[in-house]
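Colleague: Below is the file work.csv, with CSV, C-alpha atoms.
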chain,number,residue,atom,x,y,z
A,233,MET,CA,0.2,-18.6,16.0
A,234,THR,CA,-1.8,-17.3,13.0
A,235,ARG,CA,0.0,-14.4,11.3
A,236,HIS,CA,-2.0,-11.5,10.0
A,237,LEU,CA,-0.9,-8.5,8.0
A,238,LEU,CA,-2.9,-5.4,8.9
A,239,GLU,CA,0.0,-3.0,8.7
A,240,VAL,CA,3.5,-3.4,7.3
A,241,ASP,CA,5.1,-3.5,10.7
A,242,ASP,CA,3.2,-6.7,11.5
A,243,LEU,CA,6.4,-8.0,9.7
A,244,THR,CA,9.9,-7.6,11.1
A,245,PRO,CA,12.5,-5.9,9.0
A,246,ASP,CA,14.1,-9.3,8.2
A,247,GLU,CA,10.7,-10.6,7.2
A,248,ILE,CA,10.2,-7.7,4.8
A,249,THR,CA,13.4,-8.8,3.1
A,250,SER,CA,12.2,-12.3,3.0
A,251,VAL,CA,8.9,-11.2,1.4
A,252,LEU,CA,10.7,-9.2,-1.2
A,253,ASP,CA,13.0,-12.1,-2.0
A,254,LEU,CA,10.0,-14.4,-2.4
A,255,ALA,CA,8.4,-11.9,-4.6
A,256,GLU,CA,11.3,-12.3,-7.0
A,257,HIS,CA,11.5,-16.1,-6.7
A,258,ALA,CA,11.6,-17.7,-10.1
A,259,ALA,CA,9.6,-20.8,-8.9
A,260,PRO,CA,7.0,-19.6,-6.4
A,261,PRO,CA,6.2,-22.2,-3.7
A,262,ARG,CA,2.8,-23.9,-4.2
A,263,VAL,CA,1.6,-23.1,-0.7
A,264,LEU,CA,-2.0,-22.7,-1.8
A,265,GLU,CA,-2.2,-25.9,-3.8
A,266,GLY,CA,-5.8,-27.2,-3.6
A,267,ARG,CA,-6.8,-24.3,-1.3
A,268,GLY,CA,-8.8,-21.1,-1.7
A,269,ALA,CA,-8.2,-17.5,-0.9
A,270,VAL,CA,-11.2,-15.2,-0.4
A,271,LEU,CA,-10.9,-11.5,-1.3
A,272,LEU,CA,-13.5,-9.1,0.1
A,273,PHE,CA,-14.0,-5.6,-1.4
A,274,GLU,CA,-16.0,-2.9,0.2
A,275,LYS,CA,-14.4,-0.5,-2.3
A,276,PRO,CA,-13.8,-0.7,-6.0
A,277,SER,CA,-10.5,-2.2,-7.0
A,278,LEU,CA,-8.4,-2.7,-10.2
A,279,ARG,CA,-4.8,-3.3,-9.3
A,280,THR,CA,-5.4,-4.9,-5.9
A,281,ARG,CA,-8.0,-7.4,-7.1
A,282,SER,CA,-6.2,-8.3,-10.3
A,283,ALA,CA,-2.8,-8.5,-8.6
A,284,THR,CA,-3.9,-10.6,-5.6
A,285,GLU,CA,-6.0,-13.0,-7.6
A,286,MET,CA,-3.1,-13.7,-9.9
A,287,ALA,CA,-0.8,-14.1,-6.9
A,288,VAL,CA,-3.1,-16.7,-5.5
A,289,VAL,CA,-3.2,-18.6,-8.9
A,290,GLN,CA,0.7,-18.5,-9.1
A,291,LEU,CA,0.8,-20.1,-5.6
A,292,GLY,CA,-1.4,-22.9,-6.8
A,293,GLY,CA,-4.7,-21.7,-5.2
A,294,HIS,CA,-8.1,-20.6,-6.2
A,295,PRO,CA,-9.2,-16.9,-5.6
A,296,VAL,CA,-12.8,-16.1,-4.8
A,297,SER,CA,-13.6,-12.4,-5.0
A,298,LEU,CA,-16.7,-11.0,-3.3
A,299,ARG,CA,-18.2,-7.5,-3.5
A,300,ASP,CA,-19.7,-5.9,-0.4
A,301,GLU,CA,-23.2,-6.2,-1.8
A,302,GLU,CA,-22.8,-9.9,-1.8
A,303,VAL,CA,-21.3,-10.0,1.7
A,304,GLY,CA,-22.7,-7.1,3.7
A,305,LEU,CA,-19.9,-6.6,6.2
A,306,ASP,CA,-21.7,-5.6,9.5
A,307,VAL,CA,-25.0,-5.3,7.6
A,308,ARG,CA,-26.1,-8.8,6.8
A,309,GLU,CA,-23.7,-10.4,9.2
A,310,THR,CA,-21.1,-9.2,11.6
A,311,ALA,CA,-17.5,-9.0,10.4
A,312,GLU,CA,-16.6,-11.6,13.1
A,313,ASP,CA,-19.2,-14.1,11.8
A,314,ILE,CA,-18.2,-13.6,8.2
A,315,ALA,CA,-14.5,-14.2,9.1
A,316,ARG,CA,-15.4,-17.4,11.0
A,317,VAL,CA,-17.4,-18.8,8.1
A,318,LEU,CA,-14.9,-17.9,5.4
A,319,ALA,CA,-12.0,-19.3,7.4
A,320,GLY,CA,-13.7,-22.7,7.2
A,321,HIS,CA,-13.5,-22.5,3.4
A,322,HIS,CA,-10.3,-20.7,2.7
A,323,ALA,CA,-6.6,-20.6,3.7
A,324,VAL,CA,-6.5,-16.8,3.8
A,325,ILE,CA,-8.9,-13.9,4.0
A,326,ALA,CA,-7.9,-10.7,2.3
A,327,ALA,CA,-10.1,-7.6,2.6
A,328,ARG,CA,-10.4,-4.0,1.4
A,329,VAL,CA,-12.5,-2.1,3.9
A,330,PHE,CA,-13.5,1.4,4.9
A,331,GLU,CA,-12.8,1.1,8.6
A,332,HIS,CA,-9.5,-0.5,9.8
A,333,ALA,CA,-11.3,-1.7,12.9
A,334,LYS,CA,-13.2,-4.2,10.8
A,335,LEU,CA,-10.0,-5.9,9.9
A,336,GLU,CA,-8.9,-6.0,13.5
A,337,ARG,CA,-12.2,-7.6,14.5
A,338,MET,CA,-11.9,-10.2,11.8
A,339,ALA,CA,-8.3,-11.0,12.7
A,340,ALA,CA,-9.2,-11.4,16.3
A,341,VAL,CA,-11.4,-14.4,15.6
A,342,SER,CA,-9.9,-15.8,12.4
A,343,PRO,CA,-7.8,-19.0,12.5
A,344,VAL,CA,-6.4,-18.2,9.1
A,345,PRO,CA,-4.3,-15.1,8.1
A,346,VAL,CA,-6.3,-11.9,7.5
A,347,VAL,CA,-4.5,-9.5,5.0
A,348,ASN,CA,-5.3,-5.8,4.6
A,349,LEU,CA,-5.9,-4.9,1.0
A,350,LEU,CA,-6.5,-1.3,2.0
A,351,SER,CA,-8.2,0.4,4.9
A,352,ASP,CA,-8.7,4.0,6.1
A,353,LEU,CA,-5.5,3.7,8.1
A,354,ALA,CA,-3.1,1.5,6.0
A,355,HIS,CA,-2.1,0.1,2.7
A,356,PRO,CA,0.6,-2.4,3.5
A,357,MET,CA,0.5,-4.4,0.3
A,358,GLN,CA,1.1,-1.2,-1.7
A,359,ALA,CA,4.1,-0.4,0.6
A,360,LEU,CA,5.6,-3.8,-0.1
A,361,ALA,CA,5.3,-3.3,-3.8
A,362,ASP,CA,6.8,0.2,-3.5
A,363,LEU,CA,9.9,-1.2,-1.6
A,364,LEU,CA,10.2,-4.0,-4.2
A,365,THR,CA,10.2,-1.4,-7.0
A,366,ILE,CA,12.8,0.8,-5.3
A,367,ARG,CA,15.0,-2.2,-4.6
A,368,GLN,CA,14.8,-3.4,-8.1
A,369,HIS,CA,15.8,0.0,-9.5
A,370,PHE,CA,18.6,0.9,-7.1
A,371,GLY,CA,19.7,-2.5,-5.9
A,372,ASP,CA,19.3,-1.5,-2.2
A,373,LEU,CA,17.0,0.3,0.2
A,374,ALA,CA,19.0,1.4,3.2
A,375,GLY,CA,20.0,5.0,3.1
A,376,ARG,CA,17.7,5.9,0.2
A,377,VAL,CA,15.7,9.1,0.5
A,378,ILE,CA,12.0,8.7,-0.2
A,379,ALA,CA,9.9,11.8,-0.6
A,380,TYR,CA,6.2,11.6,-0.4
A,381,VAL,CA,4.3,14.7,-1.7
A,382,GLY,CA,0.6,15.1,-1.1
A,383,ASP,CA,-2.0,13.9,1.3
A,384,GLY,CA,-0.8,12.3,4.5
A,385,ASN,CA,-3.1,9.4,4.0
A,386,ASN,CA,-3.0,5.6,4.4
A,387,VAL,CA,-0.6,5.2,1.5
A,388,ALA,CA,1.8,7.8,3.0
A,389,ARG,CA,1.5,6.2,6.5
A,390,SER,CA,2.4,2.7,5.3
A,391,LEU,CA,5.1,3.9,3.0
A,392,ALA,CA,6.7,5.9,5.9
A,393,ILE,CA,6.6,2.9,8.3
A,394,ALA,CA,8.0,0.5,5.6
A,395,SER,CA,10.7,3.0,4.7
A,396,ALA,CA,11.8,3.3,8.4
A,397,MET,CA,11.9,-0.4,8.7
A,398,VAL,CA,14.4,-0.8,5.9
A,399,GLY,CA,16.6,2.1,6.9
A,400,ALA,CA,15.5,4.6,4.3
A,401,GLU,CA,14.9,8.3,5.1
A,402,VAL,CA,11.3,9.4,4.5
A,403,ARG,CA,10.2,13.0,3.9
A,404,LEU,CA,6.6,13.9,4.0
A,405,GLY,CA,5.7,17.0,2.1
A,406,CYS,CA,2.1,17.7,2.9
A,407,PRO,CA,0.1,20.9,3.1
A,408,SER,CA,-1.1,22.2,6.5
A,409,GLY,CA,-4.1,20.3,7.6
A,410,TYR,CA,-3.3,17.2,5.5
A,411,GLN,CA,-0.2,16.0,7.3
A,412,CYS,CA,0.3,12.6,8.9
A,413,PRO,CA,-1.0,12.5,12.5
A,414,GLU,CA,1.7,12.9,15.1
A,415,VAL,CA,0.9,9.4,16.4
A,416,ASP,CA,1.9,8.0,13.1
A,417,LEU,CA,5.1,10.0,13.0
A,418,ASP,CA,6.0,8.7,16.5
A,419,ARG,CA,5.3,5.1,15.2
A,420,VAL,CA,7.8,5.7,12.4
A,421,ARG,CA,10.4,7.1,14.8
A,422,SER,CA,9.9,4.2,17.2
A,423,LEU,CA,11.0,1.9,14.5
A,424,GLY,CA,14.3,3.8,14.3
A,425,GLY,CA,13.4,5.7,11.2
A,426,SER,CA,14.3,9.2,10.1
A,427,VAL,CA,11.2,11.2,9.1
A,428,VAL,CA,11.2,14.8,7.9
A,429,VAL,CA,7.9,16.8,7.8
A,430,ALA,CA,7.7,19.7,5.3
A,431,GLU,CA,4.9,22.0,4.3
A,432,ARG,CA,6.6,22.9,1.0
A,433,PRO,CA,7.0,20.1,-1.5
A,434,GLU,CA,10.4,21.6,-2.6
A,435,ASP,CA,11.8,21.0,0.8
A,436,ALA,CA,10.7,17.3,0.7
A,437,VAL,CA,12.1,16.4,-2.7
A,438,GLU,CA,15.4,18.2,-2.5
A,439,GLY,CA,18.0,15.5,-3.6
A,440,ALA,CA,15.5,12.6,-3.1
A,441,ASP,CA,16.0,9.2,-4.7
A,442,VAL,CA,12.2,8.7,-4.9
A,443,VAL,CA,9.4,11.2,-5.4
A,444,TYR,CA,6.0,9.6,-4.7
A,445,THR,CA,2.5,11.0,-4.8
A,446,ASP,CA,-1.1,9.9,-4.6
A,447,VAL,CA,-4.5,11.4,-5.6
A,448,TRP,CA,-5.6,14.4,-3.6
A,449,ALA,CA,-9.1,13.0,-2.9
A,450,SER,CA,-9.3,9.3,-2.3
A,451,MET,CA,-12.3,7.0,-2.6
A,452,GLY,CA,-15.0,8.2,-0.2
A,453,GLN,CA,-13.6,11.8,-0.2
A,454,GLU,CA,-15.2,12.9,-3.5
A,455,ALA,CA,-17.3,15.6,-1.8
A,456,GLU,CA,-14.1,17.2,-0.6
A,457,ALA,CA,-12.4,17.3,-4.0
A,458,ALA,CA,-12.8,21.1,-4.7
A,459,THR,CA,-11.6,22.0,-1.2
A,460,ARG,CA,-8.7,19.7,-1.5
A,461,ARG,CA,-7.7,21.1,-5.0
A,462,ARG,CA,-7.3,24.5,-3.3
A,463,ALA,CA,-5.4,23.1,-0.4
A,464,PHE,CA,-3.0,21.2,-2.6
A,465,GLU,CA,-2.2,24.0,-5.0
A,466,GLY,CA,1.5,24.0,-5.7
A,467,PHE,CA,1.9,20.3,-4.8
A,468,THR,CA,1.7,18.9,-8.3
A,469,VAL,CA,4.7,16.8,-9.1
A,470,ASP,CA,5.8,18.3,-12.4
A,471,ASP,CA,9.2,18.7,-14.2
A,472,ARG,CA,10.0,21.7,-12.0
A,473,LEU,CA,9.6,19.7,-8.8
A,474,MET,CA,11.4,16.6,-10.2
A,475,ALA,CA,14.3,18.8,-11.1
A,476,ALA,CA,14.9,19.3,-7.4
A,477,ALA,CA,15.2,15.6,-6.8
A,478,SER,CA,18.4,13.6,-7.3
A,479,PRO,CA,19.5,13.4,-11.0
A,480,THR,CA,19.0,9.6,-10.7
A,481,GLY,CA,15.7,9.9,-8.8
A,482,ILE,CA,12.6,8.1,-9.9
A,483,PHE,CA,8.9,8.9,-9.7
A,484,LEU,CA,6.3,6.6,-8.1
A,485,HIS,CA,2.5,6.7,-7.9
A,486,CYS,CA,0.1,4.1,-6.5
A,487,LEU,CA,-2.5,4.9,-9.1
A,488,PRO,CA,-5.1,5.8,-10.3
A,489,ALA,CA,-3.5,9.0,-11.4
A,490,HIS,CA,-5.1,12.3,-12.3
A,491,ARG,CA,-2.9,13.9,-14.9
A,492,GLY,CA,-2.6,17.6,-14.4
A,493,GLU,CA,-3.7,17.4,-10.8
A,494,GLU,CA,-1.3,15.6,-8.4
A,495,VAL,CA,1.1,14.8,-11.2
A,496,SER,CA,1.7,16.2,-14.7
A,497,ALA,CA,1.3,14.0,-17.7
A,498,GLU,CA,5.0,14.6,-18.6
A,499,VAL,CA,6.2,13.2,-15.3
A,500,LEU,CA,3.8,10.3,-15.2
A,501,GLU,CA,4.8,9.3,-18.8
A,502,GLY,CA,8.4,10.4,-18.6
A,503,GLY,CA,11.6,8.4,-18.4
A,504,ARG,CA,11.9,8.7,-14.7
A,505,SER,CA,8.5,7.2,-14.0
A,506,MET,CA,8.4,3.7,-12.6
A,507,VAL,CA,4.7,3.5,-12.1
A,508,TRP,CA,4.0,0.7,-14.5
A,509,ARG,CA,6.7,-1.5,-13.0
A,510,GLN,CA,5.3,-0.5,-9.6
A,511,ALA,CA,1.8,-1.6,-10.6
A,512,GLU,CA,3.1,-4.9,-11.9
A,513,ASN,CA,4.9,-5.4,-8.6
A,514,ARG,CA,1.6,-5.3,-6.8
A,515,MET,CA,1.2,-8.9,-8.0
A,516,HIS,CA,4.8,-10.0,-7.2
A,517,ALA,CA,4.6,-8.4,-3.7
A,518,ALA,CA,1.3,-10.1,-3.0
A,519,ARG,CA,2.7,-13.4,-4.0
A,520,GLY,CA,5.7,-12.9,-1.8
A,521,LEU,CA,3.6,-11.9,1.2
A,522,LEU,CA,1.1,-14.8,0.9
A,523,ALA,CA,3.9,-17.3,0.4
A,524,HIS,CA,5.6,-16.0,3.5
A,525,LEU,CA,2.4,-16.0,5.7
A,526,LEU,CA,1.2,-19.4,4.5
A,527,ALA,CA,4.6,-21.0,4.8
A,528,GLY,CA,4.2,-20.4,8.5
A,529,GLY,CA,6.7,-17.6,9.1
A,530,GLU,CA,7.2,-17.2,12.9
A,531,ARG,CA,8.6,-14.3,14.8
Will you turn the file into structure tokens for me?
Modeller:
Amino acid sequence: MTRHLLEVDDLTPDEITSVLDLAEHAAPPRVLEGRGAVLLFEKPSLRTRSATEMAVVQLGGHPVSLRDEEVGLDVRETAEDIARVLAGHHAVIAARVFEHAKLERMAAVSPVPVVNLLSDLAHPMQALADLLTIRQHFGDLAGRVIAYVGDGNNVARSLAIASAMVGAEVRLGCPSGYQCPEVDLDRVRSLGGSVVVAERPEDAVEGADVVYTDVWASMGQEAEAATRRRAFEGFTVDDRLMAAASPTGIFLHCLPAHRGEEVSAEVLEGGRSMVWRQAENRMHAARGLLAHLLAGGER
């Protein structure tokens, strides 16, 4: 059965551990030797494109990156037709799209793995890199307290699901109107996870091992930026907020960062910030995931 990765719980908890172990393997398996991997981008990308392309190279493969103006998902051709054609050329299809449903349609017809490089619902590759960073720093994941402060968006959703799957407690500090939907919280709870919802960032970060934030207006939400700045007032992760976390707590951000908005420059550049390691880990996590999928991991 072809394995796809549209959300992080397409893996089992044991498989997440396997992916993280593969991400740190000193000699990555050459599972893509002589084969291609196509990366489709409806949205701009820095870390995801660079990280995934290099992960493909390290697995012995050849990455082919295509922008939406070259492909025209559901404009020039349907997502299904594009997936069928590209599956004949490549061993894996990875895509960054606006609508998650496009990924589901591609996966429904693709005989090769389809990997979500970000959609409106989920960012599983980011979540894997986040777990890798936390494990590298603390040595373990179970029992850690991970506080997310900001918009209850795709990054928060995947982080919460991933945290639940590895036995970490997740706290979501999001202002009213920007919280994760209840259906997502139920999904986290169904995985056995502990999730705390707070409308005050201080309540989320109290004693936390990890304080995490993201931009207040993501790609495609630029017209809402002013409204969002008002709604997120008081949610900046600064020294005052970090002081409420565990004394050994670290700061994470999926980047790009807006200094002075969702995070202060002092926190982003400070000694507790692990964001550059986290950004590097996008490549290692992508390598681990692709190695797992292409080695034929079965549930």
Colleague: Using only C-alpha atoms, which of A:Leu526, A:Val387, A:Ala269, A:Val499 sits nearest Val288 in chain A?
Modeller: A:Ala269
Colleague: Distance CA of Ala477 in chain A-CA of Gly382 in chain A, one decimal place?
Modeller: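 Separation of CA of Ala477 in chain A and CA of Gly382 in chain A: 15.7 Å.
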Colleague: Which protein, DNA or RNA residues have an atom at most 12 Å from (12.3, 19.7, 1.3), counting only C-alpha atoms? List them as a list in words.
Modeller: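 The requested residues, written out, are Val377, Ile378, Ala379, Tyr380, Val381, Val402, Arg403, Leu404, Gly405, Cys406, Val427, Val428, Val429, Ala430, Glu431, Arg432, Pro433, Glu434, Asp435, Ala436, Val437, Glu438, Gly439, Ala440, Val443, Leu473, Met474, Ala476 and Ala477 of chain A.
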Colleague: Restricting the output to C-alpha atoms, write the selected residues as a PDB file, in the frame of the given file.
Modeller:
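Final file, again18.pdb:
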ATOM      1  CA  VAL A 377      15.700   9.100   0.500  1.00  0.00           C
ATOM      2  CA  ILE A 378      12.000   8.700  -0.200  1.00  0.00           C
ATOM      3  CA  ALA A 379       9.900  11.800  -0.600  1.00  0.00           C
ATOM      4  CA  TYR A 380       6.200  11.600  -0.400  1.00  0.00           C
ATOM      5  CA  VAL A 381       4.300  14.700  -1.700  1.00  0.00           C
ATOM      6  CA  VAL A 402      11.300   9.400   4.500  1.00  0.00           C
ATOM      7  CA  ARG A 403      10.200  13.000   3.900  1.00  0.00           C
ATOM      8  CA  LEU A 404       6.600  13.900   4.000  1.00  0.00           C
ATOM      9  CA  GLY A 405       5.700  17.000   2.100  1.00  0.00           C
ATOM     10  CA  CYS A 406       2.100  17.700   2.900  1.00  0.00           C
ATOM     11  CA  VAL A 427      11.200  11.200   9.100  1.00  0.00           C
ATOM     12  CA  VAL A 428      11.200  14.800   7.900  1.00  0.00           C
ATOM     13  CA  VAL A 429       7.900  16.800   7.800  1.00  0.00           C
ATOM     14  CA  ALA A 430       7.700  19.700   5.300  1.00  0.00           C
ATOM     15  CA  GLU A 431       4.900  22.000   4.300  1.00  0.00           C
ATOM     16  CA  ARG A 432       6.600  22.900   1.000  1.00  0.00           C
ATOM     17  CA  PRO A 433       7.000  20.100  -1.500  1.00  0.00           C
ATOM     18  CA  GLU A 434      10.400  21.600  -2.600  1.00  0.00           C
ATOM     19  CA  ASP A 435      11.800  21.000   0.800  1.00  0.00           C
ATOM     20  CA  ALA A 436      10.700  17.300   0.700  1.00  0.00           C
ATOM     21  CA  VAL A 437      12.100  16.400  -2.700  1.00  0.00           C
ATOM     22  CA  GLU A 438      15.400  18.200  -2.500  1.00  0.00           C
ATOM     23  CA  GLY A 439      18.000  15.500  -3.600  1.00  0.00           C
ATOM     24  CA  ALA A 440      15.500  12.600  -3.100  1.00  0.00           C
ATOM     25  CA  VAL A 443       9.400  11.200  -5.400  1.00  0.00           C
ATOM     26  CA  LEU A 473       9.600  19.700  -8.800  1.00  0.00           C
ATOM     27  CA  MET A 474      11.400  16.600 -10.200  1.00  0.00           C
ATOM     28  CA  ALA A 476      14.900  19.300  -7.400  1.00  0.00           C
ATOM     29  CA  ALA A 477      15.200  15.600  -6.800  1.00  0.00           C
TER      30      ALA A 477
END
Colleague: Find the residues with any atom within 12 Å of (-4.3, 21.2, -6.5); use all atoms listed in the file and the coordinates as given in the file, and write the answer as a PyMOL selection string.
Modeller: chain A and resi 381-383+406-407+446-449+457-469+490-496
Colleague: Any idea what's packed within 12 Å of Ala258 in chain A, counting all atoms listed in the file, ignoring anything in its chain fewer than 6 positions away? Could you give it as a VMD selection string?
Modeller: chain A and resid 290 to 291 516 519 to 520
Colleague: In Å to one decimal, how far is CA of Arg509 in chain A from CA of Leu391 in chain A?
Modeller: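 So the two atoms, CA of Leu391 in chain A and CA of Arg509 in chain A, lie 17.0 Å apart.
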Colleague: Considering all atoms listed in the file, state which residue in the set A:Leu272, A:Ile366, A:Leu487, A:Ala339 is at the smallest distance from Glu301 in chain A.
Modeller: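 Nearest to Glu301 in chain A: A:Leu272.
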Colleague: Could you list, as an mmCIF file with C-alpha atoms, in the frame of the given file, every residue within 12 Å of Gly304 in chain A, counting all atoms listed in the file and ignoring same-chain residues fewer than 2 positions away?
Modeller:
data_model
loop_
_atom_site.group_PDB
_atom_site.id
_atom_site.type_symbol
_atom_site.label_atom_id
_atom_site.label_comp_id
_atom_site.auth_asym_id
_atom_site.auth_seq_id
_atom_site.Cartn_x
_atom_site.Cartn_y
_atom_site.Cartn_z
ATOM 1 C CA LEU A 272 -13.500 -9.100 0.100
ATOM 2 C CA PHE A 273 -14.000 -5.600 -1.400
ATOM 3 C CA GLU A 274 -16.000 -2.900 0.200
ATOM 4 C CA LEU A 298 -16.700 -11.000 -3.300
ATOM 5 C CA ARG A 299 -18.200 -7.500 -3.500
ATOM 6 C CA ASP A 300 -19.700 -5.900 -0.400
ATOM 7 C CA GLU A 301 -23.200 -6.200 -1.800
ATOM 8 C CA GLU A 302 -22.800 -9.900 -1.800
ATOM 9 C CA ASP A 306 -21.700 -5.600 9.500
ATOM 10 C CA VAL A 307 -25.000 -5.300 7.600
ATOM 11 C CA ARG A 308 -26.100 -8.800 6.800
ATOM 12 C CA GLU A 309 -23.700 -10.400 9.200
ATOM 13 C CA THR A 310 -21.100 -9.200 11.600
ATOM 14 C CA ALA A 311 -17.500 -9.000 10.400
ATOM 15 C CA ASP A 313 -19.200 -14.100 11.800
ATOM 16 C CA ILE A 314 -18.200 -13.600 8.200
ATOM 17 C CA VAL A 329 -12.500 -2.100 3.900
#
Colleague: Choose the residue, out of A:Ala455, A:Met357, A:Leu252, A:Leu305, that has the smallest atom-to-atom separation from Asp372 in chain A; count only C-alpha atoms.
Modeller: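 Ranking A:Ala455, A:Met357, A:Leu252, A:Leu305 by distance to Asp372 in chain A, first place goes to A:Leu252.
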Colleague: Closest to Glu312 in chain A among A:Ala396, A:Val347, A:Ala333, A:Met338, using all atoms listed in the file?
Modeller: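 Nearest to Glu312 in chain A: A:Met338.
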Colleague: Can you tell me how far CA of Val415 in chain A sits from CA of Ala392 in chain A, in Å to one decimal?
Modeller: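 About the pair CA of Val415 in chain A and CA of Ala392 in chain A: they are 12.5 Å apart.
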Colleague: Of the candidates A:Arg328, A:His294, A:His257, A:His322, which shows the shortest atom-to-atom distance to Lys275 in chain A, using all atoms listed in the file?
Modeller: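 Closest candidate: A:Arg328.
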Colleague: Between A:Thr445, A:Asn513, A:Thr280, A:Asn348, which one has atoms that come closest to Ala388 in chain A, using only C-alpha atoms?
Modeller: A:Thr445
Colleague: As a list in words, please: the residues near Leu353 in chain A (cut-off 7 Å, all atoms listed in the file, same-chain neighbours under 2 positions excluded).
Modeller: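 Residues near the query, excluding close chain neighbours: His332, Ser351 and Asn386 of chain A.
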Colleague: What's the 9 Å shell around Asp416 in chain A, counting all atoms listed in the file, without same-chain residues fewer than 5 positions away, as an mmCIF file with C-alpha atoms, in the frame of the given file?
Modeller:
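Output saved as part34.cif:
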data_model
loop_
_atom_site.group_PDB
_atom_site.id
_atom_site.type_symbol
_atom_site.label_atom_id
_atom_site.label_comp_id
_atom_site.auth_asym_id
_atom_site.auth_seq_id
_atom_site.Cartn_x
_atom_site.Cartn_y
_atom_site.Cartn_z
ATOM 1 C CA ARG A 389 1.500 6.200 6.500
ATOM 2 C CA ALA A 392 6.700 5.900 5.900
ATOM 3 C CA ILE A 393 6.600 2.900 8.300
ATOM 4 C CA ARG A 421 10.400 7.100 14.800
#
Colleague: Reconstruct range 303-314 of chain A at the level of N, CA, C and O atoms, and format the result as an mmCIF file, keeping the file's coordinate frame.
Modeller:
data_model
loop_
_atom_site.group_PDB
_atom_site.id
_atom_site.type_symbol
_atom_site.label_atom_id
_atom_site.label_comp_id
_atom_site.auth_asym_id
_atom_site.auth_seq_id
_atom_site.Cartn_x
_atom_site.Cartn_y
_atom_site.Cartn_z
ATOM 1 N N VAL A 303 -21.771 -9.614 0.389
ATOM 2 C CA VAL A 303 -21.300 -10.000 1.700
ATOM 3 C C VAL A 303 -22.064 -9.248 2.818
ATOM 4 O O VAL A 303 -22.610 -9.816 3.760
ATOM 5 N N GLY A 304 -22.057 -7.912 2.697
ATOM 6 C CA GLY A 304 -22.700 -7.100 3.700
ATOM 7 C C GLY A 304 -21.999 -7.098 5.035
ATOM 8 O O GLY A 304 -22.592 -7.424 6.066
ATOM 9 N N LEU A 305 -20.717 -6.683 5.003
ATOM 10 C CA LEU A 305 -19.900 -6.600 6.200
ATOM 11 C C LEU A 305 -20.661 -5.728 7.261
ATOM 12 O O LEU A 305 -20.899 -4.552 7.015
ATOM 13 N N ASP A 306 -21.011 -6.291 8.400
ATOM 14 C CA ASP A 306 -21.700 -5.600 9.500
ATOM 15 C C ASP A 306 -23.096 -5.103 9.091
ATOM 16 O O ASP A 306 -23.687 -4.271 9.803
ATOM 17 N N VAL A 307 -23.626 -5.600 7.969
ATOM 18 C CA VAL A 307 -25.000 -5.300 7.600
ATOM 19 C C VAL A 307 -25.833 -6.559 7.580
ATOM 20 O O VAL A 307 -26.788 -6.682 8.343
ATOM 21 N N ARG A 308 -25.443 -7.499 6.742
ATOM 22 C CA ARG A 308 -26.100 -8.800 6.800
ATOM 23 C C ARG A 308 -25.639 -9.666 7.903
ATOM 24 O O ARG A 308 -26.413 -10.398 8.522
ATOM 25 N N GLU A 309 -24.315 -9.600 8.135
ATOM 26 C CA GLU A 309 -23.700 -10.400 9.200
ATOM 27 C C GLU A 309 -22.555 -9.555 9.803
ATOM 28 O O GLU A 309 -22.007 -8.671 9.143
ATOM 29 N N THR A 310 -22.176 -9.880 11.019
ATOM 30 C CA THR A 310 -21.100 -9.200 11.600
ATOM 31 C C THR A 310 -19.749 -9.559 10.920
ATOM 32 O O THR A 310 -19.628 -10.651 10.344
ATOM 33 N N ALA A 311 -18.776 -8.671 11.018
ATOM 34 C CA ALA A 311 -17.500 -9.000 10.400
ATOM 35 C C ALA A 311 -16.883 -10.242 11.080
ATOM 36 O O ALA A 311 -16.236 -11.049 10.396
ATOM 37 N N GLU A 312 -17.125 -10.431 12.367
ATOM 38 C CA GLU A 312 -16.600 -11.600 13.100
ATOM 39 C C GLU A 312 -17.225 -12.901 12.496
ATOM 40 O O GLU A 312 -16.523 -13.895 12.245
ATOM 41 N N ASP A 313 -18.561 -12.886 12.327
ATOM 42 C CA ASP A 313 -19.200 -14.100 11.800
ATOM 43 C C ASP A 313 -18.785 -14.403 10.390
ATOM 44 O O ASP A 313 -18.582 -15.572 10.032
ATOM 45 N N ILE A 314 -18.626 -13.369 9.589
ATOM 46 C CA ILE A 314 -18.200 -13.600 8.200
ATOM 47 C C ILE A 314 -16.764 -14.185 8.197
ATOM 48 O O ILE A 314 -16.477 -15.120 7.437
#
